[in-house]
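*Asks:* Here it is: the structure, laid out below.
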Amino acid sequence: MNKIQLNNITLTRKQYKEKLTIFENANLEVIGKDKIILIYGPSGSGKSTILNIIFGILYPEYGDVYINGYNMNKINADLLSKYRSNVISLMFQNFPLVGWLTCKENILLSNKNINKDYLYQKLKQLDILNAKNTTPNKLSIGQKQRVAILQSIMKNVNITLLDEPTSALGHKYKFEVMKLLKEYSKKNERMIIIATHDNDLKQYADVIYKLKDKKIYKSL
Amino acid sequence: MTRYISESELRAWKNNLNKFTIIEPNLNVYNKNIINKLTESKEKETLIPFQEALIKIPGILNTEYRPIFAMDVNQIKLFLNKTNSELIDGDLPTKNTRELILTVDIMEYKGLNIGDYVGNSIDEDEYLWGRFEITGILKSELSLGLSSIEYFKRKTNVDRSKFLLFTESNNNISNLFENQNDYKIRNLNSLIQNHNEKYKDLNRLIFIIILVLIISLIIISCLFILLYLKERKKEFAIYYSNGIKIKNIIIFELKEFSILIILSLILGVSFSNIFLLFLRKVLFRKGVFLATLSYHEYLLTLPIALSIFITLFFVLKLYLKPSKLENIILGDY
């Protein structure tokens, strides 16, 4: 069972020389193992910031963050490395891939022990099997995003964070991706947290959190 | 190449003076005195009076020479014995003739056969005066020619001789003489000393050129490393976000570069040797080209390898910081 707790967090960021408060005494508690969690909100509301806090890239100025027993405020480099290796994976909004590796090699970077047949099956499901031996710079942005999604979920962890995973996808692939994530979550008891502003994804979510007025509200 | 040309005298004499010492009495010293002294000395083993001339051989960019020793024909066999040399073809020179035997290397460099003639009567650029017939070929570690002394004495109108001294040990032969100004002693030490003195400035210049070359190579290598790591920083950021420790990324990169450096060294040394072989066997087939790569040259590659390694380590330490990698992964680069 995964447990994510953000207790009374306050976080400000500098934007155009001005201090901008993203969260003020915000709280979030997510418990579960095979759920699709949606963090929903308009652009600039702090969706990616929540994922970065959970991933251990950003730290709130005030408040506590606990993920599966890890106190993120007191985590050191060794523990953070362990945490990122065993507990969590994150697909960033710009879905970075290594340019000189093939798509298959990029996915294997996150987990080299993946069963090849299983991987090919998932590549086929997302219609990128033909691109498995192609380098990312020869792919469309939508294909790159699907490769990055597979890279994140193939990592053998308990929680996967996806930052706007369907931003570059058309309707067909958007739903295909969500279908795959849903199946994967159930089959592998994986908690998948998606930050998005896309209304269409709500139908796949088990729990939705909305961001409003520097706070996090549970809406489902 | 410059160093190689400057070392032509060393090549002419080094092997020879490894076997014997040459004693050149000054004009005011009678030959008999020196013979007496050396005969009385415990150090002496064999003393062979001789006169000398030079024979020309083709170099790469210059002409080189090798010595011709003229001695009593009865002592030629003794000389061959003392220098572990062997007549492999033809006959020894006979007394009072213009006959000559040459070592194999000289025969090959000059493209000569037994029965051919050499001397400035045949080739006016030749150092050896008159016309000598080649009667035999020597197999030897040395590179020289041997002839009968009578013709030399007639030609030079000098009865005096220099001496080839074969000693039992490598003791300093100059200790044998009371007044060292009376004799000029040529041995391996004096040869190298003279060479170093003569080419002091050239050697300094070569050292500076090599230093500049090495520093340039180090700078180029370091710039290459910087560009290379810049290209791969996104990859490192992905490793980092996957939970790989920075320390492990640095170790991995150092291992990767170690393999690259070792492979480059092996390939570099192999290609240099192949290039030298090409120069020797193809380009300068008829010239004297004995240059080889010694451990000195191989050692020169170490500072380059070491500086690449040190630069790599510091650049990695500078590049691979959590905040930088996180910025890369977040797209703030």
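Residues are referred to by chain and number: the chain letter is A, B, ... according to the order shown in the structure tokens, the number counts from 1 in that chain, and ligands are numbered separately from 1 in the order shown.
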Residues of range 20-169 of chain A in helix (DSSP H, G or I) according to DSSP, as a PDB file with N, CA and C atoms, in the first residue's frame?
*Replies:*
```pdb
ATOM      1  N   LYS A  47       0.437  21.880 -10.734  1.00  0.00           N
ATOM      2  CA  LYS A  47       0.327  20.412 -10.926  1.00  0.00           C
ATOM      3  C   LYS A  47       1.720  19.767 -10.982  1.00  0.00           C
ATOM      4  N   SER A  48       2.554  20.327 -11.853  1.00  0.00           N
ATOM      5  CA  SER A  48       3.912  19.769 -11.990  1.00  0.00           C
ATOM      6  C   SER A  48       4.683  19.931 -10.694  1.00  0.00           C
ATOM      7  N   THR A  49       4.417  21.024  -9.995  1.00  0.00           N
ATOM      8  CA  THR A  49       5.118  21.279  -8.725  1.00  0.00           C
ATOM      9  C   THR A  49       4.830  20.162  -7.726  1.00  0.00           C
ATOM     10  N   ILE A  50       3.569  19.714  -7.674  1.00  0.00           N
ATOM     11  CA  ILE A  50       3.235  18.613  -6.756  1.00  0.00           C
ATOM     12  C   ILE A  50       4.046  17.365  -7.120  1.00  0.00           C
ATOM     13  N   LEU A  51       4.083  17.054  -8.423  1.00  0.00           N
ATOM     14  CA  LEU A  51       4.838  15.865  -8.846  1.00  0.00           C
ATOM     15  C   LEU A  51       6.321  16.009  -8.487  1.00  0.00           C
ATOM     16  N   ASN A  52       6.855  17.213  -8.693  1.00  0.00           N
ATOM     17  CA  ASN A  52       8.269  17.439  -8.378  1.00  0.00           C
ATOM     18  C   ASN A  52       8.542  17.339  -6.881  1.00  0.00           C
ATOM     19  N   ILE A  53       7.559  17.755  -6.085  1.00  0.00           N
ATOM     20  CA  ILE A  53       7.714  17.622  -4.618  1.00  0.00           C
ATOM     21  C   ILE A  53       7.708  16.135  -4.256  1.00  0.00           C
ATOM     22  N   ILE A  54       6.757  15.393  -4.847  1.00  0.00           N
ATOM     23  CA  ILE A  54       6.677  13.956  -4.535  1.00  0.00           C
ATOM     24  C   ILE A  54       7.945  13.233  -5.011  1.00  0.00           C
ATOM     25  N   PHE A  55       8.482  13.685  -6.146  1.00  0.00           N
ATOM     26  CA  PHE A  55       9.673  13.035  -6.716  1.00  0.00           C
ATOM     27  C   PHE A  55      10.958  13.437  -5.982  1.00  0.00           C
ATOM     28  N   ALA A  77      21.186  12.222   0.051  1.00  0.00           N
ATOM     29  CA  ALA A  77      21.449  11.813  -1.338  1.00  0.00           C
ATOM     30  C   ALA A  77      21.329  10.299  -1.522  1.00  0.00           C
ATOM     31  N   ASP A  78      21.833   9.539  -0.553  1.00  0.00           N
ATOM     32  CA  ASP A  78      21.784   8.072  -0.677  1.00  0.00           C
ATOM     33  C   ASP A  78      20.347   7.559  -0.645  1.00  0.00           C
ATOM     34  N   LEU A  79      19.592   8.104   0.315  1.00  0.00           N
ATOM     35  CA  LEU A  79      18.192   7.667   0.442  1.00  0.00           C
ATOM     36  C   LEU A  79      17.376   8.096  -0.768  1.00  0.00           C
ATOM     37  N   LEU A  80      17.679   9.304  -1.260  1.00  0.00           N
ATOM     38  CA  LEU A  80      16.947   9.824  -2.431  1.00  0.00           C
ATOM     39  C   LEU A  80      17.191   8.921  -3.644  1.00  0.00           C
ATOM     40  N   SER A  81      18.452   8.486  -3.768  1.00  0.00           N
ATOM     41  CA  SER A  81      18.796   7.589  -4.871  1.00  0.00           C
ATOM     42  C   SER A  81      18.035   6.263  -4.737  1.00  0.00           C
ATOM     43  N   LYS A  82      17.981   5.753  -3.495  1.00  0.00           N
ATOM     44  CA  LYS A  82      17.263   4.508  -3.228  1.00  0.00           C
ATOM     45  C   LYS A  82      15.772   4.681  -3.525  1.00  0.00           C
ATOM     46  N   TYR A  83      15.244   5.809  -3.082  1.00  0.00           N
ATOM     47  CA  TYR A  83      13.828   6.141  -3.257  1.00  0.00           C
ATOM     48  C   TYR A  83      13.483   6.188  -4.754  1.00  0.00           C
ATOM     49  N   ARG A  84      14.341   6.873  -5.530  1.00  0.00           N
ATOM     50  CA  ARG A  84      14.067   6.997  -6.964  1.00  0.00           C
ATOM     51  C   ARG A  84      14.307   5.689  -7.711  1.00  0.00           C
ATOM     52  N   SER A  85      15.155   4.839  -7.142  1.00  0.00           N
ATOM     53  CA  SER A  85      15.404   3.546  -7.795  1.00  0.00           C
ATOM     54  C   SER A  85      14.264   2.569  -7.543  1.00  0.00           C
ATOM     55  N   ASN A  86      13.744   2.577  -6.311  1.00  0.00           N
ATOM     56  CA  ASN A  86      12.824   1.496  -5.917  1.00  0.00           C
ATOM     57  C   ASN A  86      11.373   1.908  -5.731  1.00  0.00           C
ATOM     58  N   CYS A 103      14.646   3.839 -29.321  1.00  0.00           N
ATOM     59  CA  CYS A 103      13.492   3.903 -28.405  1.00  0.00           C
ATOM     60  C   CYS A 103      13.539   2.734 -27.425  1.00  0.00           C
ATOM     61  N   LYS A 104      13.847   1.558 -27.968  1.00  0.00           N
ATOM     62  CA  LYS A 104      13.898   0.370 -27.110  1.00  0.00           C
ATOM     63  C   LYS A 104      14.965   0.556 -26.019  1.00  0.00           C
ATOM     64  N   GLU A 105      16.137   1.053 -26.423  1.00  0.00           N
ATOM     65  CA  GLU A 105      17.225   1.259 -25.448  1.00  0.00           C
ATOM     66  C   GLU A 105      16.841   2.316 -24.410  1.00  0.00           C
ATOM     67  N   ASN A 106      16.118   3.349 -24.859  1.00  0.00           N
ATOM     68  CA  ASN A 106      15.666   4.381 -23.927  1.00  0.00           C
ATOM     69  C   ASN A 106      14.737   3.785 -22.868  1.00  0.00           C
ATOM     70  N   ILE A 107      13.857   2.896 -23.304  1.00  0.00           N
ATOM     71  CA  ILE A 107      12.937   2.270 -22.342  1.00  0.00           C
ATOM     72  C   ILE A 107      13.720   1.359 -21.398  1.00  0.00           C
ATOM     73  N   LEU A 108      14.693   0.638 -21.968  1.00  0.00           N
ATOM     74  CA  LEU A 108      15.493  -0.284 -21.137  1.00  0.00           C
ATOM     75  C   LEU A 108      16.355   0.443 -20.106  1.00  0.00           C
ATOM     76  N   LEU A 109      16.588   1.757 -20.333  1.00  0.00           N
ATOM     77  CA  LEU A 109      17.354   2.531 -19.342  1.00  0.00           C
ATOM     78  C   LEU A 109      16.684   2.491 -17.975  1.00  0.00           C
ATOM     79  N   SER A 110      15.347   2.445 -17.974  1.00  0.00           N
ATOM     80  CA  SER A 110      14.638   2.464 -16.690  1.00  0.00           C
ATOM     81  C   SER A 110      14.550   1.070 -16.071  1.00  0.00           C
ATOM     82  N   LYS A 116      11.205  -8.991 -23.224  1.00  0.00           N
ATOM     83  CA  LYS A 116      11.167  -8.354 -24.548  1.00  0.00           C
ATOM     84  C   LYS A 116       9.795  -8.496 -25.206  1.00  0.00           C
ATOM     85  N   ASP A 117       9.206  -9.694 -25.092  1.00  0.00           N
ATOM     86  CA  ASP A 117       7.900  -9.908 -25.734  1.00  0.00           C
ATOM     87  C   ASP A 117       6.851  -8.980 -25.134  1.00  0.00           C
ATOM     88  N   TYR A 118       6.927  -8.851 -23.820  1.00  0.00           N
ATOM     89  CA  TYR A 118       5.981  -7.984 -23.122  1.00  0.00           C
ATOM     90  C   TYR A 118       6.158  -6.538 -23.583  1.00  0.00           C
ATOM     91  N   LEU A 119       7.440  -6.131 -23.691  1.00  0.00           N
ATOM     92  CA  LEU A 119       7.734  -4.770 -24.140  1.00  0.00           C
ATOM     93  C   LEU A 119       7.193  -4.538 -25.549  1.00  0.00           C
ATOM     94  N   TYR A 120       7.437  -5.507 -26.445  1.00  0.00           N
ATOM     95  CA  TYR A 120       6.970  -5.359 -27.830  1.00  0.00           C
ATOM     96  C   TYR A 120       5.445  -5.281 -27.891  1.00  0.00           C
ATOM     97  N   GLN A 121       4.834  -6.045 -26.998  1.00  0.00           N
ATOM     98  CA  GLN A 121       3.360  -6.037 -26.942  1.00  0.00           C
ATOM     99  C   GLN A 121       2.858  -4.634 -26.575  1.00  0.00           C
ATOM    100  N   LYS A 122       3.513  -4.010 -25.593  1.00  0.00           N
ATOM    101  CA  LYS A 122       3.103  -2.666 -25.167  1.00  0.00           C
ATOM    102  C   LYS A 122       3.431  -1.628 -26.248  1.00  0.00           C
ATOM    103  N   LEU A 123       4.580  -1.824 -26.892  1.00  0.00           N
ATOM    104  CA  LEU A 123       4.950  -0.914 -27.993  1.00  0.00           C
ATOM    105  C   LEU A 123       3.911  -0.998 -29.107  1.00  0.00           C
ATOM    106  N   LYS A 124       3.451  -2.231 -29.355  1.00  0.00           N
ATOM    107  CA  LYS A 124       2.457  -2.440 -30.402  1.00  0.00           C
ATOM    108  C   LYS A 124       1.134  -1.788 -29.997  1.00  0.00           C
ATOM    109  N   GLN A 125       0.785  -1.940 -28.729  1.00  0.00           N
ATOM    110  CA  GLN A 125      -0.469  -1.373 -28.231  1.00  0.00           C
ATOM    111  C   GLN A 125      -0.493   0.148 -28.428  1.00  0.00           C
ATOM    112  N   LEU A 129       5.713   0.141 -32.279  1.00  0.00           N
ATOM    113  CA  LEU A 129       6.578  -1.038 -32.417  1.00  0.00           C
ATOM    114  C   LEU A 129       7.580  -0.846 -33.559  1.00  0.00           C
ATOM    115  N   ASN A 130       7.106  -0.230 -34.649  1.00  0.00           N
ATOM    116  CA  ASN A 130       7.998  -0.013 -35.802  1.00  0.00           C
ATOM    117  C   ASN A 130       9.138   0.946 -35.476  1.00  0.00           C
ATOM    118  N   ALA A 131       8.928   1.731 -34.421  1.00  0.00           N
ATOM    119  CA  ALA A 131       9.940   2.743 -34.078  1.00  0.00           C
ATOM    120  C   ALA A 131      10.922   2.239 -33.029  1.00  0.00           C
ATOM    121  N   PRO A 136      15.099   8.805 -31.051  1.00  0.00           N
ATOM    122  CA  PRO A 136      13.979   9.719 -30.802  1.00  0.00           C
ATOM    123  C   PRO A 136      13.908  10.910 -31.762  1.00  0.00           C
ATOM    124  N   ASN A 137      15.078  11.384 -32.229  1.00  0.00           N
ATOM    125  CA  ASN A 137      15.026  12.580 -33.087  1.00  0.00           C
ATOM    126  C   ASN A 137      14.352  12.328 -34.437  1.00  0.00           C
ATOM    127  N   LYS A 138      14.119  11.040 -34.751  1.00  0.00           N
ATOM    128  CA  LYS A 138      13.435  10.739 -36.020  1.00  0.00           C
ATOM    129  C   LYS A 138      11.941  10.500 -35.791  1.00  0.00           C
ATOM    130  N   ILE A 141       6.556  14.118 -32.177  1.00  0.00           N
ATOM    131  CA  ILE A 141       6.485  14.452 -30.743  1.00  0.00           C
ATOM    132  C   ILE A 141       5.532  13.503 -30.004  1.00  0.00           C
ATOM    133  N   GLY A 142       4.465  13.103 -30.707  1.00  0.00           N
ATOM    134  CA  GLY A 142       3.507  12.173 -30.097  1.00  0.00           C
ATOM    135  C   GLY A 142       4.133  10.808 -29.860  1.00  0.00           C
ATOM    136  N   GLN A 143       4.938  10.355 -30.826  1.00  0.00           N
ATOM    137  CA  GLN A 143       5.631   9.060 -30.667  1.00  0.00           C
ATOM    138  C   GLN A 143       6.618   9.125 -29.502  1.00  0.00           C
ATOM    139  N   LYS A 144       7.334  10.253 -29.417  1.00  0.00           N
ATOM    140  CA  LYS A 144       8.299  10.426 -28.315  1.00  0.00           C
ATOM    141  C   LYS A 144       7.581  10.341 -26.984  1.00  0.00           C
ATOM    142  N   GLN A 145       6.413  10.993 -26.912  1.00  0.00           N
ATOM    143  CA  GLN A 145       5.691  11.005 -25.642  1.00  0.00           C
ATOM    144  C   GLN A 145       5.252   9.592 -25.249  1.00  0.00           C
ATOM    145  N   ARG A 146       4.846   8.794 -26.241  1.00  0.00           N
ATOM    146  CA  ARG A 146       4.428   7.424 -25.934  1.00  0.00           C
ATOM    147  C   ARG A 146       5.627   6.580 -25.467  1.00  0.00           C
ATOM    148  N   VAL A 147       6.786   6.826 -26.076  1.00  0.00           N
ATOM    149  CA  VAL A 147       8.002   6.117 -25.630  1.00  0.00           C
ATOM    150  C   VAL A 147       8.318   6.501 -24.177  1.00  0.00           C
ATOM    151  N   ALA A 148       8.228   7.799 -23.885  1.00  0.00           N
ATOM    152  CA  ALA A 148       8.531   8.270 -22.523  1.00  0.00           C
ATOM    153  C   ALA A 148       7.552   7.694 -21.500  1.00  0.00           C
ATOM    154  N   ILE A 149       6.268   7.544 -21.894  1.00  0.00           N
ATOM    155  CA  ILE A 149       5.273   6.957 -20.977  1.00  0.00           C
ATOM    156  C   ILE A 149       5.668   5.511 -20.668  1.00  0.00           C
ATOM    157  N   LEU A 150       6.023   4.767 -21.719  1.00  0.00           N
ATOM    158  CA  LEU A 150       6.433   3.368 -21.508  1.00  0.00           C
ATOM    159  C   LEU A 150       7.685   3.300 -20.635  1.00  0.00           C
ATOM    160  N   GLN A 151       8.614   4.229 -20.891  1.00  0.00           N
ATOM    161  CA  GLN A 151       9.852   4.255 -20.080  1.00  0.00           C
ATOM    162  C   GLN A 151       9.518   4.418 -18.594  1.00  0.00           C
ATOM    163  N   SER A 152       8.567   5.276 -18.295  1.00  0.00           N
ATOM    164  CA  SER A 152       8.215   5.520 -16.891  1.00  0.00           C
ATOM    165  C   SER A 152       7.490   4.357 -16.257  1.00  0.00           C
ATOM    166  N   ILE A 153       6.541   3.780 -17.001  1.00  0.00           N
ATOM    167  CA  ILE A 153       5.751   2.722 -16.340  1.00  0.00           C
ATOM    168  C   ILE A 153       6.497   1.386 -16.311  1.00  0.00           C
ATOM    169  N   MET A 154       7.469   1.203 -17.187  1.00  0.00           N
ATOM    170  CA  MET A 154       8.208  -0.071 -17.198  1.00  0.00           C
ATOM    171  C   MET A 154       9.207  -0.159 -16.040  1.00  0.00           C
TER     172      MET A 154
END
```
*Asks:* Can you write out as JSON lines which residues of chain B fall within 7 Å of chain A, alongside each residue's closest atom pair and its distance in Å to one decimal, counting only C-alpha atoms and ordering rows by chain and ascending residue number?
*Replies:*
```
{"residue": "B:Lys234", "atom": "CA", "partner": "A:Val98", "partner_atom": "CA", "distance": 6.7}
{"residue": "B:Glu235", "atom": "CA", "partner": "A:Val98", "partner_atom": "CA", "distance": 5.4}
{"residue": "B:Ser241", "atom": "CA", "partner": "A:Arg84", "partner_atom": "CA", "distance": 6.8}
{"residue": "B:Asn242", "atom": "CA", "partner": "A:Ser85", "partner_atom": "CA", "distance": 5.8}
{"residue": "B:Gly243", "atom": "CA", "partner": "A:Ser81", "partner_atom": "CA", "distance": 4.3}
{"residue": "B:Ile244", "atom": "CA", "partner": "A:Ser81", "partner_atom": "CA", "distance": 6.0}
{"residue": "B:Lys245", "atom": "CA", "partner": "A:Ser81", "partner_atom": "CA", "distance": 5.9}
{"residue": "B:Glu326", "atom": "CA", "partner": "A:Ile57", "partner_atom": "CA", "distance": 6.8}
{"residue": "B:Ile329", "atom": "CA", "partner": "A:Pro96", "partner_atom": "CA", "distance": 6.7}
{"residue": "B:Leu330", "atom": "CA", "partner": "A:Phe92", "partner_atom": "CA", "distance": 6.7}
{"residue": "B:Gly331", "atom": "CA", "partner": "A:Asn94", "partner_atom": "CA", "distance": 6.5}
```
*Asks:* Neighbours of range 70-77 of chain B within 9 Å (only C-alpha atoms; same-chain residues fewer than 2 positions away dropped), as number ranges by chain?
*Replies:* B: 48-53, 68, 79-82, 92-96, 145-152
*Asks:* Figure out the distance between CA of Thr301 in chain B and CA of Leu265 in chain B, please, to one decimal in Å.
*Replies:*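 Distance between the two atoms: 7.5 Å.
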*Asks:* Please report the interatomic distance between CA of Leu180 in chain A and CA of His197 in chain A in Å with one decimal.
*Replies:* 19.4 Å
*Asks:* Among range 23-83 of chain A, which residues does DSSP mark as strand (DSSP E or B) when it is run on the backbone? Keep the chain and numbering as in the structure and answer as an MDAnalysis selection string.
*Replies:* chainID A and resid 23:32 36:40 62:67 70:71
